[in-house]
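Next up, work_35.cif (mmCIF, C-alpha atoms):
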```
data_target
#
loop_
_atom_site.label_atom_id
_atom_site.label_comp_id
_atom_site.auth_asym_id
_atom_site.auth_seq_id
_atom_site.Cartn_x
_atom_site.Cartn_y
_atom_site.Cartn_z
CA MET A 1 0.00 0.00 0.00
CA SER A 2 1.31 3.50 -0.77
CA TYR A 3 0.93 6.34 1.72
CA ASP A 4 0.82 10.12 1.34
CA LEU A 5 2.67 10.66 4.61
CA LEU A 6 4.52 8.44 7.06
CA LEU A 7 5.44 9.64 10.54
CA LYS A 8 8.26 7.46 11.86
CA GLY A 9 9.09 6.72 15.48
CA GLY A 10 6.78 9.09 17.33
CA HIS A 11 5.28 8.35 20.74
CA VAL A 12 1.71 7.48 19.74
CA ILE A 13 -1.03 8.00 22.30
CA ASP A 14 -4.42 6.76 21.12
CA PRO A 15 -6.92 6.11 23.92
CA ALA A 16 -9.40 4.52 21.47
CA SER A 17 -6.99 1.71 20.61
CA GLY A 18 -5.15 1.61 23.93
CA ARG A 19 -1.84 2.45 22.21
CA ASP A 20 0.76 4.34 24.26
CA GLY A 21 4.26 3.90 22.88
CA VAL A 22 6.59 4.42 19.95
CA ALA A 23 5.12 3.54 16.55
CA ASP A 24 4.85 4.68 12.95
CA VAL A 25 1.69 6.30 11.60
CA ALA A 26 0.82 6.24 7.90
CA PHE A 27 -1.73 8.54 6.24
CA LYS A 28 -3.61 8.14 2.96
CA ASP A 29 -6.12 10.65 1.59
CA GLY A 30 -6.05 12.69 4.79
CA LYS A 31 -6.85 9.77 7.07
CA VAL A 32 -4.84 7.39 9.21
CA ALA A 33 -4.23 4.30 7.08
CA GLN A 34 -2.07 2.25 9.44
CA VAL A 35 -0.38 2.39 12.82
CA ALA A 36 2.38 -0.15 13.36
CA ASP A 37 6.03 -0.65 14.19
CA GLY A 38 8.57 -0.59 11.36
CA LEU A 39 6.46 0.64 8.43
CA SER A 40 8.54 0.99 5.28
CA GLY A 41 9.33 4.49 4.08
CA ALA A 42 9.54 3.12 0.54
CA ASP A 43 5.73 3.01 0.53
CA ALA A 44 5.30 6.73 1.30
CA LYS A 45 5.46 9.91 -0.77
CA ASP A 46 6.64 11.88 2.28
CA VAL A 47 8.46 10.45 5.30
CA ARG A 48 9.07 12.53 8.42
CA SER A 49 10.72 11.64 11.67
CA ALA A 50 8.44 12.09 14.68
CA ALA A 51 11.11 10.87 17.13
CA GLY A 52 10.89 12.87 20.33
CA PHE A 53 7.34 14.03 19.56
CA TYR A 54 3.93 12.85 20.66
CA VAL A 55 1.51 11.78 17.94
CA VAL A 56 -2.10 12.03 19.11
CA PRO A 57 -5.60 12.14 17.61
CA GLY A 58 -6.90 15.64 16.88
CA LEU A 59 -7.27 17.65 20.08
CA ILE A 60 -10.29 19.65 21.26
CA ASP A 61 -9.88 23.20 22.58
CA LEU A 62 -12.70 23.59 25.10
CA HIS A 63 -12.45 27.39 25.42
CA ALA A 64 -11.57 29.46 22.38
CA HIS A 65 -12.88 32.53 20.58
CA VAL A 66 -12.71 31.87 16.83
CA TYR A 67 -15.39 34.22 15.53
CA VAL A 68 -12.96 36.31 13.49
CA GLY A 69 -14.65 39.60 12.65
CA GLY A 70 -17.54 38.82 14.99
CA THR A 71 -15.69 39.67 18.20
CA THR A 72 -12.50 41.52 19.00
CA TYR A 73 -11.16 38.38 20.68
CA GLY A 74 -11.42 36.15 17.59
CA VAL A 75 -8.37 34.10 16.55
CA GLU A 76 -7.90 32.26 13.26
CA PRO A 77 -9.04 28.64 13.85
CA ASP A 78 -6.75 27.14 11.18
CA GLN A 79 -3.70 28.86 12.68
CA LEU A 80 -4.74 27.68 16.14
CA GLY A 81 -5.17 24.15 14.80
CA ARG A 82 -1.79 24.02 13.06
CA MET A 83 0.03 25.34 16.12
CA SER A 84 -1.63 23.04 18.64
CA GLY A 85 -2.95 19.92 16.91
CA THR A 86 -6.50 21.10 17.52
CA THR A 87 -9.13 19.76 15.13
CA THR A 88 -12.21 20.91 17.07
CA VAL A 89 -12.77 24.14 18.99
CA VAL A 90 -15.58 25.12 21.30
CA ASP A 91 -16.16 28.85 20.83
CA ALA A 92 -16.97 29.99 24.35
CA GLY A 93 -19.61 32.64 23.90
CA SER A 94 -18.28 34.96 21.19
CA ALA A 95 -21.71 35.05 19.56
CA GLY A 96 -25.16 35.54 21.00
CA ALA A 97 -28.52 34.66 19.50
CA ALA A 98 -28.28 37.74 17.26
CA ASN A 99 -25.15 36.62 15.41
CA ILE A 100 -24.61 32.92 16.08
CA ARG A 101 -25.55 32.13 12.48
CA GLY A 102 -22.47 33.98 11.27
CA LEU A 103 -20.24 31.81 13.44
CA ILE A 104 -21.92 28.53 12.52
CA ASP A 105 -22.81 29.04 8.86
CA HIS A 106 -20.10 31.43 7.68
CA GLN A 107 -17.02 31.14 9.89
CA GLN A 108 -17.19 27.33 9.72
CA ARG A 109 -16.90 27.48 5.90
CA LEU A 110 -13.59 29.36 6.19
CA THR A 111 -11.80 26.71 8.25
CA ASP A 112 -11.01 23.02 8.34
CA VAL A 113 -11.28 23.10 12.14
CA ARG A 114 -14.66 21.92 13.44
CA ILE A 115 -16.41 24.67 15.40
CA LEU A 116 -18.87 23.97 18.20
CA ALA A 117 -20.43 26.98 19.91
CA ILE A 118 -21.51 28.01 23.35
CA VAL A 119 -24.08 30.76 22.72
CA ASN A 120 -23.74 33.88 24.82
CA LEU A 121 -26.80 34.79 26.89
CA VAL A 122 -26.14 38.40 25.83
CA PHE A 123 -28.07 38.87 22.56
CA PRO A 124 -25.12 40.23 20.48
CA GLY A 125 -22.44 38.16 22.24
CA ILE A 126 -19.08 39.64 23.24
CA TYR A 127 -18.89 42.97 21.48
CA GLY A 128 -16.58 45.10 23.61
CA ASP A 129 -12.83 45.24 23.94
CA LEU A 130 -11.45 45.78 27.42
CA ARG A 131 -8.57 47.85 26.07
CA ALA A 132 -10.15 50.08 23.41
CA VAL A 133 -13.89 50.26 24.02
CA HIS A 134 -15.06 49.07 27.41
CA ILE A 135 -18.63 47.78 27.31
CA ALA A 136 -19.98 45.64 30.13
CA GLU A 137 -22.17 43.71 27.71
CA ALA A 138 -24.17 41.83 30.34
CA SER A 139 -24.95 44.91 32.45
CA ASP A 140 -28.10 45.73 30.47
CA LEU A 141 -30.88 43.28 31.30
CA HIS A 142 -32.60 44.14 27.99
CA LEU A 143 -29.78 42.28 26.20
CA LEU A 144 -30.29 39.08 28.21
CA ASN A 145 -33.06 37.32 26.32
CA VAL A 146 -33.58 33.71 27.37
CA PRO A 147 -36.27 32.89 24.75
CA HIS A 148 -33.87 33.90 21.93
CA VAL A 149 -31.18 31.67 23.41
CA VAL A 150 -33.60 28.73 23.69
CA ARG A 151 -34.59 29.17 20.02
CA THR A 152 -30.90 29.21 19.09
CA LEU A 153 -30.27 25.95 20.94
CA LYS A 154 -33.18 24.32 19.13
CA LYS A 155 -32.23 25.68 15.69
CA TRP A 156 -28.61 24.42 15.75
CA PRO A 157 -28.60 21.36 18.06
CA ASP A 158 -25.54 19.83 16.37
CA SER A 159 -23.45 23.00 16.63
CA VAL A 160 -24.55 24.85 19.77
CA VAL A 161 -23.49 22.90 22.85
CA GLY A 162 -24.12 25.27 25.73
CA ILE A 163 -24.92 28.72 27.10
CA LYS A 164 -22.38 31.31 28.30
CA ILE A 165 -22.69 34.30 30.57
CA ARG A 166 -19.59 36.22 31.53
CA ILE A 167 -19.73 37.29 35.17
CA GLY A 168 -17.57 39.95 36.72
CA ARG A 169 -17.09 43.69 36.80
CA SER A 170 -15.84 43.83 33.18
CA SER A 171 -18.93 42.16 31.73
CA THR A 172 -21.83 42.49 34.19
CA ALA A 173 -20.81 45.68 36.04
CA ALA A 174 -23.03 46.03 39.15
CA LEU A 175 -25.24 43.06 38.21
CA GLY A 176 -22.65 40.35 38.78
CA ALA A 177 -19.82 39.20 40.97
CA MET A 178 -17.28 41.87 41.76
#
```
Kindly present the structure from the file in structure tokens form.
Amino acid sequence: MSYDLLLKGGHVIDPASGRDGVADVAFKDGKVAQVADGLSGADAKDVRSAAGFYVVPGLIDLHAHVYVGGTTYGVEPDQLGRMSGTTTVVDAGSAGAANIRGLIDHQQRLTDVRILAIVNLVFPGIYGDLRAVHIAEASDLHLLNVPHVVRTLKKWPDSVVGIKIRIGRSSTAALGAM
């Protein structure tokens, strides 16, 4: 069998298979084709040494802000993924019910990283920047609309995995914890 990429001699940790030790990992068409000891480099288009490195399944970042252009805190999900081995991110409240569609339908199209979202209880999500424009987004009770959030959870059940409210002086002012 020919491979697109062969990683040789990395420390493979794969909880699903119970593997935890040095092995070779071969890829074909963007997927793992084989994991074994002593795979031949002659069968691969590209061979790279992974000695001294861990080789793991794609990681999940449980708290990120990847809504680039939708919040001042947004980071590029593909850059995050390449730097950290992350294949799935959970965007932790960048978008609210007012703009969650942009994160799910539009931002997801721009990246190979899978995006799951925690919808912000604040209708427009995180829209201030602590350094340039300070807005305690959750200090106005008019922006906290539970029915809109419930509709959002029902509309995107495969993408929206939770609800976020930032609590503290910077986001809730006098309404929250100090």
Separation of CA of Ala136 (chain A) from CA of Gly69 (chain A), in Å and rounded to one decimal: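 Between CA of Ala136 (chain A) and CA of Gly69 (chain A) the gap is 19.2 Å.
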Explicit residue set for the PyMOL selection byres ((chain A and resi 135) around 12), as JSON, numbers by chain: {"A": [125, 126, 127, 128, 129, 130, 131, 132, 133, 134, 136, 137, 138, 139, 140, 169, 170, 171, 172, 173]}
Based on the selection just made, write C-alpha atoms of those residues as a short mmCIF file (atom, residue, chain, number, x, y, z; two decimals), in the frame of the given file.
```cif
data_model
loop_
_atom_site.label_atom_id
_atom_site.label_comp_id
_atom_site.auth_asym_id
_atom_site.auth_seq_id
_atom_site.Cartn_x
_atom_site.Cartn_y
_atom_site.Cartn_z
CA GLY A 125 -22.44 38.16 22.24
CA ILE A 126 -19.08 39.64 23.24
CA TYR A 127 -18.89 42.97 21.48
CA GLY A 128 -16.58 45.10 23.61
CA ASP A 129 -12.83 45.24 23.94
CA LEU A 130 -11.45 45.78 27.42
CA ARG A 131 -8.57 47.85 26.07
CA ALA A 132 -10.15 50.08 23.41
CA VAL A 133 -13.89 50.26 24.02
CA HIS A 134 -15.06 49.07 27.41
CA ALA A 136 -19.98 45.64 30.13
CA GLU A 137 -22.17 43.71 27.71
CA ALA A 138 -24.17 41.83 30.34
CA SER A 139 -24.95 44.91 32.45
CA ASP A 140 -28.10 45.73 30.47
CA ARG A 169 -17.09 43.69 36.80
CA SER A 170 -15.84 43.83 33.18
CA SER A 171 -18.93 42.16 31.73
CA THR A 172 -21.83 42.49 34.19
CA ALA A 173 -20.81 45.68 36.04
#
```
Residues matched by the PyMOL selection byres ((chain A and resi 90-106) around 6) as a list in words: Leu62, His63, Ala64, His65, Tyr67, Val89, Gln107, Gln108, Arg109, Ile115, Leu116, Ala117, Ile118, Val119, Asn120, Val122, Phe123, Pro124, Gly125, Ile126, His148, Val149, Thr152 and Lys164 of chain A
Selection under test: the PyMOL selection byres ((chain A and resi 11) around 6); residues as an NGL selection string: :A and (10 or 12 or 21-22 or 54-55)
Nearest-residue call for Leu141 (chain A), choices A:Leu110, A:Gly168, A:Ala33, A:Leu175, using all atoms listed in the file: A:Leu175
